[in-house]
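Visitor: Enclosed is the structure file data.txt (compact mmCIF, C-alpha atoms).
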# COMPACT_ATOMS: atom_id res chain seq x y z
CA MET A 27 4.97 0.10 -11.72
CA ASN A 28 8.19 -0.48 -9.83
CA ILE A 29 9.88 -3.83 -9.08
CA PRO A 30 8.45 -4.38 -5.55
CA ASN A 31 4.90 -3.69 -6.77
CA SER A 32 5.44 -5.99 -9.76
CA ILE A 33 6.56 -8.78 -7.40
CA THR A 34 3.46 -8.20 -5.26
CA LEU A 35 1.22 -8.28 -8.33
CA ALA A 36 2.85 -11.55 -9.42
CA ARG A 37 2.01 -12.98 -5.98
CA ILE A 38 -1.64 -12.02 -6.46
CA LEU A 39 -1.68 -13.51 -9.95
CA SER A 40 -0.21 -16.79 -8.62
CA VAL A 41 -3.21 -17.37 -6.32
CA PRO A 42 -5.49 -19.02 -8.93
CA LEU A 43 -2.60 -21.32 -9.92
CA ILE A 44 -1.99 -22.38 -6.32
CA VAL A 45 -5.70 -23.02 -5.76
CA TRP A 46 -5.89 -25.06 -8.97
CA LEU A 47 -2.83 -27.09 -7.96
CA ILE A 48 -4.33 -27.87 -4.55
CA LEU A 49 -7.63 -28.92 -6.10
CA ARG A 50 -5.76 -31.18 -8.54
CA GLU A 51 -3.84 -32.75 -5.62
CA GLU A 52 -0.51 -31.42 -6.93
CA MET A 53 0.53 -30.65 -3.38
CA LEU A 54 4.30 -30.55 -3.83
CA ILE A 55 4.04 -27.96 -6.60
CA ALA A 56 1.36 -26.02 -4.67
CA PHE A 57 3.59 -26.04 -1.59
CA GLY A 58 6.50 -24.79 -3.71
CA PHE A 59 4.45 -21.90 -5.09
CA PHE A 60 3.15 -21.08 -1.60
CA VAL A 61 6.73 -20.92 -0.29
CA LEU A 62 7.70 -18.76 -3.28
CA GLY A 63 4.78 -16.48 -2.42
CA GLY A 64 6.13 -16.09 1.10
CA LEU A 65 9.63 -15.42 -0.17
CA SER A 66 8.31 -12.88 -2.67
CA ASP A 67 6.54 -11.08 0.19
CA ALA A 68 9.84 -10.73 2.03
CA LEU A 69 11.69 -9.80 -1.17
CA ASP A 70 9.34 -7.03 -2.29
CA GLY A 71 9.51 -5.43 1.15
CA LEU A 72 13.29 -5.69 1.27
CA ILE A 73 13.71 -4.17 -2.19
CA ALA A 74 11.22 -1.38 -1.44
CA LYS A 75 13.02 -0.41 1.78
CA GLN A 76 16.58 -0.97 0.59
CA PHE A 77 16.21 1.05 -2.63
CA ASN A 78 13.66 3.58 -1.35
CA LEU A 79 10.96 2.23 -3.70
CA THR A 80 8.11 2.30 -1.19
CA THR A 81 4.95 3.61 -2.84
CA ARG A 82 1.44 4.40 -1.69
CA LEU A 83 0.17 1.64 -4.03
CA GLY A 84 2.58 -0.84 -2.48
CA LYS A 85 1.44 0.01 1.05
CA TYR A 86 -2.07 -1.12 0.09
CA LEU A 87 -1.22 -3.80 -2.47
CA ASP A 88 1.17 -5.83 -0.28
CA PRO A 89 -1.24 -6.55 2.62
CA LEU A 90 -4.03 -7.09 0.09
CA ALA A 91 -1.89 -9.71 -1.67
CA ASP A 92 -1.31 -11.47 1.65
CA LYS A 93 -5.05 -11.48 2.42
CA ILE A 94 -5.99 -12.75 -1.04
CA LEU A 95 -3.44 -15.56 -0.86
CA LEU A 96 -4.34 -16.66 2.67
CA VAL A 97 -8.11 -16.44 2.21
CA ALA A 98 -7.91 -18.41 -1.05
CA ILE A 99 -5.67 -21.06 0.51
CA TYR A 100 -7.87 -21.40 3.60
CA ILE A 101 -11.07 -21.67 1.57
CA THR A 102 -9.47 -24.26 -0.72
CA LEU A 103 -8.05 -26.31 2.16
CA GLY A 104 -11.45 -26.02 3.88
CA ILE A 105 -13.22 -27.36 0.79
CA LYS A 106 -10.79 -30.28 0.78
CA GLN A 107 -11.45 -30.70 4.52
CA ASP A 108 -7.77 -30.26 5.39
CA ILE A 109 -8.70 -27.34 7.67
CA PRO A 110 -11.86 -27.37 9.82
CA SER A 111 -14.69 -25.39 8.22
CA TRP A 112 -15.27 -23.40 11.42
CA LEU A 113 -11.68 -22.12 11.23
CA VAL A 114 -12.10 -21.13 7.57
CA ILE A 115 -15.26 -19.21 8.49
CA LEU A 116 -13.47 -17.51 11.38
CA VAL A 117 -10.44 -16.47 9.29
CA VAL A 118 -12.52 -15.24 6.35
CA SER A 119 -14.97 -13.43 8.64
CA ARG A 120 -12.14 -11.56 10.36
CA ASP A 121 -10.75 -10.40 7.03
CA LEU A 122 -14.22 -9.36 5.85
CA LEU A 123 -14.64 -7.47 9.13
CA ILE A 124 -11.40 -5.59 8.54
CA VAL A 125 -12.15 -4.77 4.90
CA GLY A 126 -15.77 -3.90 5.75
CA GLY A 127 -14.60 -1.63 8.57
CA ILE A 128 -12.25 0.21 6.25
CA ILE A 129 -14.96 0.67 3.61
CA PHE A 130 -17.55 1.73 6.22
CA SER A 131 -15.15 4.25 7.76
CA PHE A 132 -14.35 5.69 4.35
CA LEU A 133 -18.03 5.99 3.40
CA MET A 134 -18.86 7.65 6.73
CA GLY A 135 -15.99 10.11 6.30
CA ILE A 136 -14.26 8.79 9.39
CA ARG A 137 -10.53 8.94 9.00
CA ILE A 138 -9.04 5.90 10.68
CA ALA A 139 -5.38 5.03 10.52
CA ILE A 140 -4.96 1.28 10.37
CA HIS A 141 -1.71 -0.02 11.73
CA PRO A 142 -1.06 -3.72 12.17
CA VAL A 143 -0.85 -4.48 15.86
CA ARG A 144 1.36 -7.16 17.35
CA ILE A 145 -1.47 -9.70 17.71
CA SER A 146 -2.35 -9.18 14.05
CA LYS A 147 1.23 -9.93 13.02
CA ILE A 148 1.22 -13.03 15.21
CA ASN A 149 -2.09 -14.04 13.64
CA THR A 150 -0.76 -13.61 10.10
CA PHE A 151 2.33 -15.64 10.95
CA SER A 152 0.16 -18.36 12.54
CA GLN A 153 -2.12 -18.51 9.51
CA ILE A 154 0.85 -18.78 7.15
CA PHE A 155 2.48 -21.42 9.35
CA LEU A 156 -0.66 -23.57 9.45
CA ALA A 157 -1.20 -23.31 5.69
CA ALA A 158 2.46 -24.18 5.01
CA LEU A 159 2.30 -27.02 7.53
CA ILE A 160 -0.74 -28.58 5.90
CA LEU A 161 0.53 -28.09 2.34
CA GLY A 162 3.97 -29.40 3.29
CA ALA A 163 2.53 -32.43 5.10
CA ALA A 164 0.39 -33.25 2.07
CA ALA A 165 3.33 -32.72 -0.29
CA PHE A 166 5.68 -34.96 1.68
CA LYS A 167 3.06 -37.44 2.99
CA LEU A 168 3.60 -36.59 6.66
CA GLU A 169 1.23 -37.13 9.60
CA LEU A 170 0.86 -34.00 11.73
CA GLY A 171 -1.40 -35.13 14.58
CA LEU A 172 -1.09 -32.89 17.63
CA LEU A 173 1.01 -30.24 15.84
CA GLN A 174 -1.84 -29.55 13.41
CA THR A 175 -4.45 -29.50 16.20
CA VAL A 176 -2.42 -27.04 18.29
CA SER A 177 -1.74 -24.88 15.22
CA VAL A 178 -5.46 -24.77 14.36
CA TYR A 179 -6.31 -23.51 17.86
CA ILE A 180 -3.47 -20.98 17.85
CA VAL A 181 -4.84 -19.59 14.57
CA ALA A 182 -8.36 -19.50 16.03
CA ILE A 183 -7.31 -17.70 19.20
CA THR A 184 -5.08 -15.16 17.44
CA THR A 185 -7.78 -14.55 14.81
CA ILE A 186 -10.34 -13.73 17.50
CA LEU A 187 -7.92 -11.53 19.45
CA SER A 188 -6.80 -9.73 16.29
CA GLY A 189 -10.37 -9.09 15.16
CA TYR A 190 -11.25 -7.78 18.63
CA SER A 191 -8.18 -5.54 18.60
CA TYR A 192 -9.16 -3.97 15.28
CA VAL A 193 -12.77 -3.39 16.37
CA ARG A 194 -11.62 -1.85 19.65
CA GLY A 195 -9.19 0.41 17.76
CA TRP A 196 -11.88 1.54 15.32
CA ILE A 197 -14.32 2.36 18.10
CA SER A 198 -11.65 4.36 19.88
CA GLU A 199 -10.63 6.24 16.71
CA ALA A 200 -14.25 6.86 15.68
CA HIS A 201 -14.96 8.51 19.04
CA HIS A 202 -12.04 10.88 18.46
CA SER A 203 -13.07 11.77 14.89
The structure in this file should be written as structure tokens.
Guide:
Amino acid sequence: MNIPNSITLARILSVPLIVWLILREEMLIAFGFFVLGGLSDALDGLIAKQFNLTTRLGKYLDPLADKILLVAIYITLGIKQDIPSWLVILVVSRDLLIVGGIIFSFLMGIRIAIHPVRISKINTFSQIFLAALILGAAAFKLELGLLQTVSVYIVAITTILSGYSYVRGWISEAHHS
């Protein structure tokens, strides 16, 4: 296993620790680990590209690590009622839709190339921003008010649009297979 994949694996292994810290109300430390997770995501990609260490495993492991981290954080913040439960359900359902679509396509022998589209990248950024915002506000005892409300709705809208985009892409690709 090369260095970028090891960094990605460390990010996955940090998820239970971050969840535990949130549940124990250790928000400053949880926020710190969440930020480190984000930095490690950038670092593993930079190292992989800069030193030509991109692997097939890394192409699957890196987005999986992001999904695992975000889904775990959203579920945990939803349990603590820091994020509305309807948003947690929406975010998790979209990710299950994507993973289910990939598995279904594979089982049906339909070869579908999945490429992140712009709205999906915006959605991922929005989800990360909202999670960091809530963790940071809890860590530093800040009131978010309207910023949190707007961020919640941006995540909801981009999640719906991203999910729709993937479904539309799969239907189009399936018709051509």
Visitor: So which residues are close to (-2.7, -1.6, 9.5), meaning at most 10 Å away in the file's coordinates with all atoms listed in the file counted, and can you show them as a compact mmCIF listing (two decimals) with C-alpha atoms, in the coordinates of the input?
Guide:
# COMPACT_ATOMS: atom_id res chain seq x y z
CA LYS A 85 1.44 0.01 1.05
CA TYR A 86 -2.07 -1.12 0.09
CA PRO A 89 -1.24 -6.55 2.62
CA ILE A 124 -11.40 -5.59 8.54
CA ILE A 138 -9.04 5.90 10.68
CA ALA A 139 -5.38 5.03 10.52
CA ILE A 140 -4.96 1.28 10.37
CA HIS A 141 -1.71 -0.02 11.73
CA PRO A 142 -1.06 -3.72 12.17
CA VAL A 143 -0.85 -4.48 15.86
CA SER A 146 -2.35 -9.18 14.05
CA LYS A 147 1.23 -9.93 13.02
CA TYR A 192 -9.16 -3.97 15.28
Visitor: Can you work out which one of A:Met27, A:Ala98, A:Leu123, A:Ala56 has the shortest atom-to-atom distance to Ala163 (chain A), counting all atoms listed in the file?
Guide: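 Among the listed residues, A:Ala56 lies closest to Ala163 (chain A).
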Visitor: Quick one: contact table of region 98-158 of chain A to region 35-49 of chain A, 12 Å max, nearest atom pair and distance in Å to one decimal per residue, counting only C-alpha atoms, chain and number order, as a tab-separated table?
Guide:
residue	atom	partner	partner_atom	distance
A:Ala98	CA	A:Val45	CA	7.0
A:Ile99	CA	A:Val45	CA	6.6
A:Tyr100	CA	A:Val45	CA	9.7
A:Ile101	CA	A:Val45	CA	9.2
A:Thr102	CA	A:Val45	CA	6.4
A:Leu103	CA	A:Ile48	CA	7.8
A:Gly104	CA	A:Leu49	CA	11.1
A:Ile105	CA	A:Leu49	CA	9.0
A:Lys106	CA	A:Leu49	CA	7.7
A:Gln107	CA	A:Leu49	CA	11.4
A:Asp108	CA	A:Ile48	CA	10.8
A:Ala157	CA	A:Ile48	CA	11.6
Visitor: Which polymer residues, protein or nucleic acid, are no farther than 10 Å from (-14.0, 0.6, 9.4), counting all atoms listed in the file, as a list in words?
Guide: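 Within 10 Å of (-14.0, 0.6, 9.4), the protein and nucleic acid residues are Leu123, Ile124, Val125, Gly126, Gly127, Ile128, Ile129, Phe130, Ser131, Phe132, Leu133, Met134, Ile136, Arg137, Ile138, Ala139, Ile140, Tyr192, Val193, Gly195, Trp196, Ile197, Glu199 and Ala200 of chain A.
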Visitor: For a quick check of understanding, using all atoms listed in the file, which of A:Glu169, A:Thr185, A:Gln174, A:Leu159 has the smallest distance to Val61 (chain A)?
Guide: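 Checking each of A:Glu169, A:Thr185, A:Gln174, A:Leu159 against Val61 (chain A), counting all atoms listed in the file, the winner is A:Leu159.
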Visitor: What's the 10 Å shell around Ile148 (chain A), counting all atoms listed in the file, without same-chain residues fewer than 2 positions away, as a PyMOL selection string?
Guide: chain A and resi 143-146+150-154+180-181+184-185+188
Visitor: One decimal, in Å: what's the spacing between CA of Tyr179 (chain A) and CA of Leu95 (chain A)?
Guide: 20.5 Å
Visitor: Under the rule that all atoms listed in the file are counted, which of A:Ile33, A:Leu168, A:Ile186, A:Leu83 is the nearest residue to Ile115 (chain A)?
Guide: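 Among the listed residues, the smallest separation from Ile115 (chain A) belongs to A:Ile186.
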Visitor: Let me have the centre and edge lengths of the axis-aligned box enclosing all listed atoms of region 162-179 of chain A with 6 Å padding on every side, in Å to one decimal, as JSON.
Guide:
{"center_x": -0.3, "center_y": -30.5, "center_z": 9.0, "size_x": 24.0, "size_y": 25.9, "size_z": 30.6}
Visitor: Could you tell me how far CA of Ile109 (chain A) lies from CA of Gly162 (chain A), in Å and to one decimal?
Guide: 13.6 Å
Visitor: To one decimal in Å, tell me the separation between CA of Tyr190 (chain A) and CA of Leu113 (chain A).
Guide: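 Going from CA of Tyr190 (chain A) over to CA of Leu113 (chain A), I get 16.1 Å.
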Visitor: Find the residue from A:Ala68, A:Asp121, A:Ile55, A:Asn31 that sits nearest to Arg82 (chain A); use all atoms listed in the file when measuring.
Guide: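 Using all atoms listed in the file, Arg82 (chain A) sits closest to A:Asn31.
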Visitor: From the list A:Met53, A:Leu87, A:Asn78, A:Ala182, which residue is nearest Val118 (chain A) when using only C-alpha atoms?
Guide: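 Counting only C-alpha atoms, the residue closest to Val118 (chain A) is A:Ala182.
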Visitor: Restricting the calculation to all atoms listed in the file: of A:Leu161, A:His201, A:Gly189, A:Arg194, which residue gets closest to Gly58 (chain A)?
Guide: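 Under the stated criterion, the closest residue is A:Leu161.
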Visitor: Can I get a file of region 27-154 of chain A from the given structure, C-alpha atoms kept, as a PDB file, in the first residue's frame?
Guide:
ATOM      1  CA  MET A  27       0.000   0.000   0.000  1.00  0.00           C
ATOM      2  CA  ASN A  28       1.461   3.326  -1.044  1.00  0.00           C
ATOM      3  CA  ILE A  29       1.545   6.566   0.978  1.00  0.00           C
ATOM      4  CA  PRO A  30      -1.609   8.208  -0.498  1.00  0.00           C
ATOM      5  CA  ASN A  31      -3.661   5.044   0.096  1.00  0.00           C
ATOM      6  CA  SER A  32      -2.271   4.774   3.636  1.00  0.00           C
ATOM      7  CA  ILE A  33      -3.346   8.372   4.330  1.00  0.00           C
ATOM      8  CA  THR A  34      -6.817   7.587   2.965  1.00  0.00           C
ATOM      9  CA  LEU A  35      -7.044   4.460   5.113  1.00  0.00           C
ATOM     10  CA  ALA A  36      -6.031   6.499   8.173  1.00  0.00           C
ATOM     11  CA  ARG A  37      -8.891   8.901   7.377  1.00  0.00           C
ATOM     12  CA  ILE A  38     -11.334   5.984   7.333  1.00  0.00           C
ATOM     13  CA  LEU A  39      -9.938   4.628  10.594  1.00  0.00           C
ATOM     14  CA  SER A  40     -10.325   8.063  12.241  1.00  0.00           C
ATOM     15  CA  VAL A  41     -14.106   8.066  11.709  1.00  0.00           C
ATOM     16  CA  PRO A  42     -15.026   6.051  14.841  1.00  0.00           C
ATOM     17  CA  LEU A  43     -12.787   8.344  16.913  1.00  0.00           C
ATOM     18  CA  ILE A  44     -14.459  11.484  15.551  1.00  0.00           C
ATOM     19  CA  VAL A  45     -17.931  10.034  16.172  1.00  0.00           C
ATOM     20  CA  TRP A  46     -16.941   9.058  19.722  1.00  0.00           C
ATOM     21  CA  LEU A  47     -15.541  12.539  20.380  1.00  0.00           C
ATOM     22  CA  ILE A  48     -18.748  14.189  19.164  1.00  0.00           C
ATOM     23  CA  LEU A  49     -20.888  11.914  21.314  1.00  0.00           C
ATOM     24  CA  ARG A  50     -18.694  12.715  24.329  1.00  0.00           C
ATOM     25  CA  GLU A  51     -19.090  16.455  23.625  1.00  0.00           C
ATOM     26  CA  GLU A  52     -15.355  16.851  22.940  1.00  0.00           C
ATOM     27  CA  MET A  53     -16.171  19.205  20.101  1.00  0.00           C
ATOM     28  CA  LEU A  54     -12.855  21.051  19.833  1.00  0.00           C
ATOM     29  CA  ILE A  55     -10.929  17.797  19.439  1.00  0.00           C
ATOM     30  CA  ALA A  56     -13.589  16.390  17.073  1.00  0.00           C
ATOM     31  CA  PHE A  57     -13.398  19.575  15.005  1.00  0.00           C
ATOM     32  CA  GLY A  58      -9.604  19.271  14.910  1.00  0.00           C
ATOM     33  CA  PHE A  59      -9.765  15.678  13.669  1.00  0.00           C
ATOM     34  CA  PHE A  60     -12.425  16.624  11.106  1.00  0.00           C
ATOM     35  CA  VAL A  61     -10.171  19.404   9.770  1.00  0.00           C
ATOM     36  CA  LEU A  62      -7.247  16.952   9.705  1.00  0.00           C
ATOM     37  CA  GLY A  63      -9.452  14.568   7.726  1.00  0.00           C
ATOM     38  CA  GLY A  64     -10.093  17.292   5.170  1.00  0.00           C
ATOM     39  CA  LEU A  65      -6.418  18.170   4.972  1.00  0.00           C
ATOM     40  CA  SER A  66      -5.498  14.501   4.581  1.00  0.00           C
ATOM     41  CA  ASP A  67      -7.951  14.258   1.671  1.00  0.00           C
ATOM     42  CA  ALA A  68      -6.150  17.090  -0.095  1.00  0.00           C
ATOM     43  CA  LEU A  69      -2.727  15.695   0.842  1.00  0.00           C
ATOM     44  CA  ASP A  70      -3.300  12.155  -0.421  1.00  0.00           C
ATOM     45  CA  GLY A  71      -4.540  13.495  -3.761  1.00  0.00           C
ATOM     46  CA  LEU A  72      -1.617  15.885  -4.074  1.00  0.00           C
ATOM     47  CA  ILE A  73       0.945  13.184  -3.290  1.00  0.00           C
ATOM     48  CA  ALA A  74      -0.715  10.700  -5.651  1.00  0.00           C
ATOM     49  CA  LYS A  75      -0.691  13.182  -8.557  1.00  0.00           C
ATOM     50  CA  GLN A  76       2.671  14.804  -7.826  1.00  0.00           C
ATOM     51  CA  PHE A  77       4.592  11.521  -7.489  1.00  0.00           C
ATOM     52  CA  ASN A  78       2.534   9.466  -9.956  1.00  0.00           C
ATOM     53  CA  LEU A  79       1.221   7.210  -7.169  1.00  0.00           C
ATOM     54  CA  THR A  80      -2.383   7.072  -8.369  1.00  0.00           C
ATOM     55  CA  THR A  81      -3.729   3.531  -8.053  1.00  0.00           C
ATOM     56  CA  ARG A  82      -6.960   1.790  -8.942  1.00  0.00           C
ATOM     57  CA  LEU A  83      -7.494   1.122  -5.215  1.00  0.00           C
ATOM     58  CA  GLY A  84      -7.020   4.805  -4.439  1.00  0.00           C
ATOM     59  CA  LYS A  85      -9.560   5.849  -7.064  1.00  0.00           C
ATOM     60  CA  TYR A  86     -12.206   3.849  -5.177  1.00  0.00           C
ATOM     61  CA  LEU A  87     -10.889   4.226  -1.630  1.00  0.00           C
ATOM     62  CA  ASP A  88     -10.649   8.037  -1.597  1.00  0.00           C
ATOM     63  CA  PRO A  89     -14.308   8.819  -2.449  1.00  0.00           C
ATOM     64  CA  LEU A  90     -15.385   5.952  -0.187  1.00  0.00           C
ATOM     65  CA  ALA A  91     -13.430   7.524   2.693  1.00  0.00           C
ATOM     66  CA  ASP A  92     -15.171  10.849   2.055  1.00  0.00           C
ATOM     67  CA  LYS A  93     -18.604   9.176   2.054  1.00  0.00           C
ATOM     68  CA  ILE A  94     -17.891   7.200   5.224  1.00  0.00           C
ATOM     69  CA  LEU A  95     -16.671  10.302   7.057  1.00  0.00           C
ATOM     70  CA  LEU A  96     -19.535  12.540   5.950  1.00  0.00           C
ATOM     71  CA  VAL A  97     -22.292   9.975   6.501  1.00  0.00           C
ATOM     72  CA  ALA A  98     -20.951   9.153   9.977  1.00  0.00           C
ATOM     73  CA  ILE A  99     -20.661  12.837  10.899  1.00  0.00           C
ATOM     74  CA  TYR A 100     -24.151  13.648   9.601  1.00  0.00           C
ATOM     75  CA  ILE A 101     -25.745  10.707  11.402  1.00  0.00           C
ATOM     76  CA  THR A 102     -23.951  11.625  14.628  1.00  0.00           C
ATOM     77  CA  LEU A 103     -24.856  15.319  14.387  1.00  0.00           C
ATOM     78  CA  GLY A 104     -28.423  14.259  13.549  1.00  0.00           C
ATOM     79  CA  ILE A 105     -28.595  12.076  16.663  1.00  0.00           C
ATOM     80  CA  LYS A 106     -27.403  15.049  18.695  1.00  0.00           C
ATOM     81  CA  GLN A 107     -30.010  17.186  16.899  1.00  0.00           C
ATOM     82  CA  ASP A 108     -27.374  19.598  15.601  1.00  0.00           C
ATOM     83  CA  ILE A 109     -28.540  18.884  12.031  1.00  0.00           C
ATOM     84  CA  PRO A 110     -32.227  18.398  11.154  1.00  0.00           C
ATOM     85  CA  SER A 111     -33.149  14.721  10.868  1.00  0.00           C
ATOM     86  CA  TRP A 112     -34.763  15.274   7.456  1.00  0.00           C
ATOM     87  CA  LEU A 113     -31.419  16.521   6.117  1.00  0.00           C
ATOM     88  CA  VAL A 114     -29.578  13.501   7.545  1.00  0.00           C
ATOM     89  CA  ILE A 115     -32.107  11.207   5.853  1.00  0.00           C
ATOM     90  CA  LEU A 116     -31.711  13.090   2.568  1.00  0.00           C
ATOM     91  CA  VAL A 117     -27.893  12.986   2.616  1.00  0.00           C
ATOM     92  CA  VAL A 118     -27.705   9.326   3.624  1.00  0.00           C
ATOM     93  CA  SER A 119     -30.408   8.337   1.114  1.00  0.00           C
ATOM     94  CA  ARG A 120     -28.519  10.008  -1.733  1.00  0.00           C
ATOM     95  CA  ASP A 121     -25.338   8.138  -0.846  1.00  0.00           C
ATOM     96  CA  LEU A 122     -27.248   4.852  -0.570  1.00  0.00           C
ATOM     97  CA  LEU A 123     -28.799   5.605  -3.962  1.00  0.00           C
ATOM     98  CA  ILE A 124     -25.368   6.086  -5.503  1.00  0.00           C
ATOM     99  CA  VAL A 125     -23.845   2.976  -3.911  1.00  0.00           C
ATOM    100  CA  GLY A 126     -26.988   0.943  -4.675  1.00  0.00           C
ATOM    101  CA  GLY A 127     -26.916   2.118  -8.293  1.00  0.00           C
ATOM    102  CA  ILE A 128     -23.305   1.053  -8.664  1.00  0.00           C
ATOM    103  CA  ILE A 129     -23.997  -2.378  -7.151  1.00  0.00           C
ATOM    104  CA  PHE A 130     -27.175  -2.834  -9.228  1.00  0.00           C
ATOM    105  CA  SER A 131     -25.364  -1.879 -12.434  1.00  0.00           C
ATOM    106  CA  PHE A 132     -22.548  -4.294 -11.658  1.00  0.00           C
ATOM    107  CA  LEU A 133     -24.953  -7.150 -10.895  1.00  0.00           C
ATOM    108  CA  MET A 134     -26.918  -6.483 -14.087  1.00  0.00           C
ATOM    109  CA  GLY A 135     -23.717  -6.433 -16.138  1.00  0.00           C
ATOM    110  CA  ILE A 136     -24.288  -2.828 -17.125  1.00  0.00           C
ATOM    111  CA  ARG A 137     -21.021  -0.999 -17.455  1.00  0.00           C
ATOM    112  CA  ILE A 138     -21.508   2.530 -16.206  1.00  0.00           C
ATOM    113  CA  ALA A 139     -18.699   5.005 -15.860  1.00  0.00           C
ATOM    114  CA  ILE A 140     -19.284   7.190 -12.832  1.00  0.00           C
ATOM    115  CA  HIS A 141     -17.708  10.595 -12.987  1.00  0.00           C
ATOM    116  CA  PRO A 142     -18.403  13.240 -10.378  1.00  0.00           C
ATOM    117  CA  VAL A 143     -20.366  16.040 -11.985  1.00  0.00           C
ATOM    118  CA  ARG A 144     -20.071  19.678 -10.987  1.00  0.00           C
ATOM    119  CA  ILE A 145     -23.232  19.646  -8.838  1.00  0.00           C
ATOM    120  CA  SER A 146     -21.886  16.614  -6.982  1.00  0.00           C
ATOM    121  CA  LYS A 147     -18.651  18.446  -6.207  1.00  0.00           C
ATOM    122  CA  ILE A 148     -20.631  21.464  -5.026  1.00  0.00           C
ATOM    123  CA  ASN A 149     -22.760  19.141  -2.892  1.00  0.00           C
ATOM    124  CA  THR A 150     -19.721  17.502  -1.300  1.00  0.00           C
ATOM    125  CA  PHE A 151     -18.206  20.907  -0.556  1.00  0.00           C
ATOM    126  CA  SER A 152     -21.522  22.105   0.928  1.00  0.00           C
ATOM    127  CA  GLN A 153     -21.821  19.014   3.115  1.00  0.00           C
ATOM    128  CA  ILE A 154     -18.249  19.420   4.375  1.00  0.00           C
TER     129      ILE A 154
END
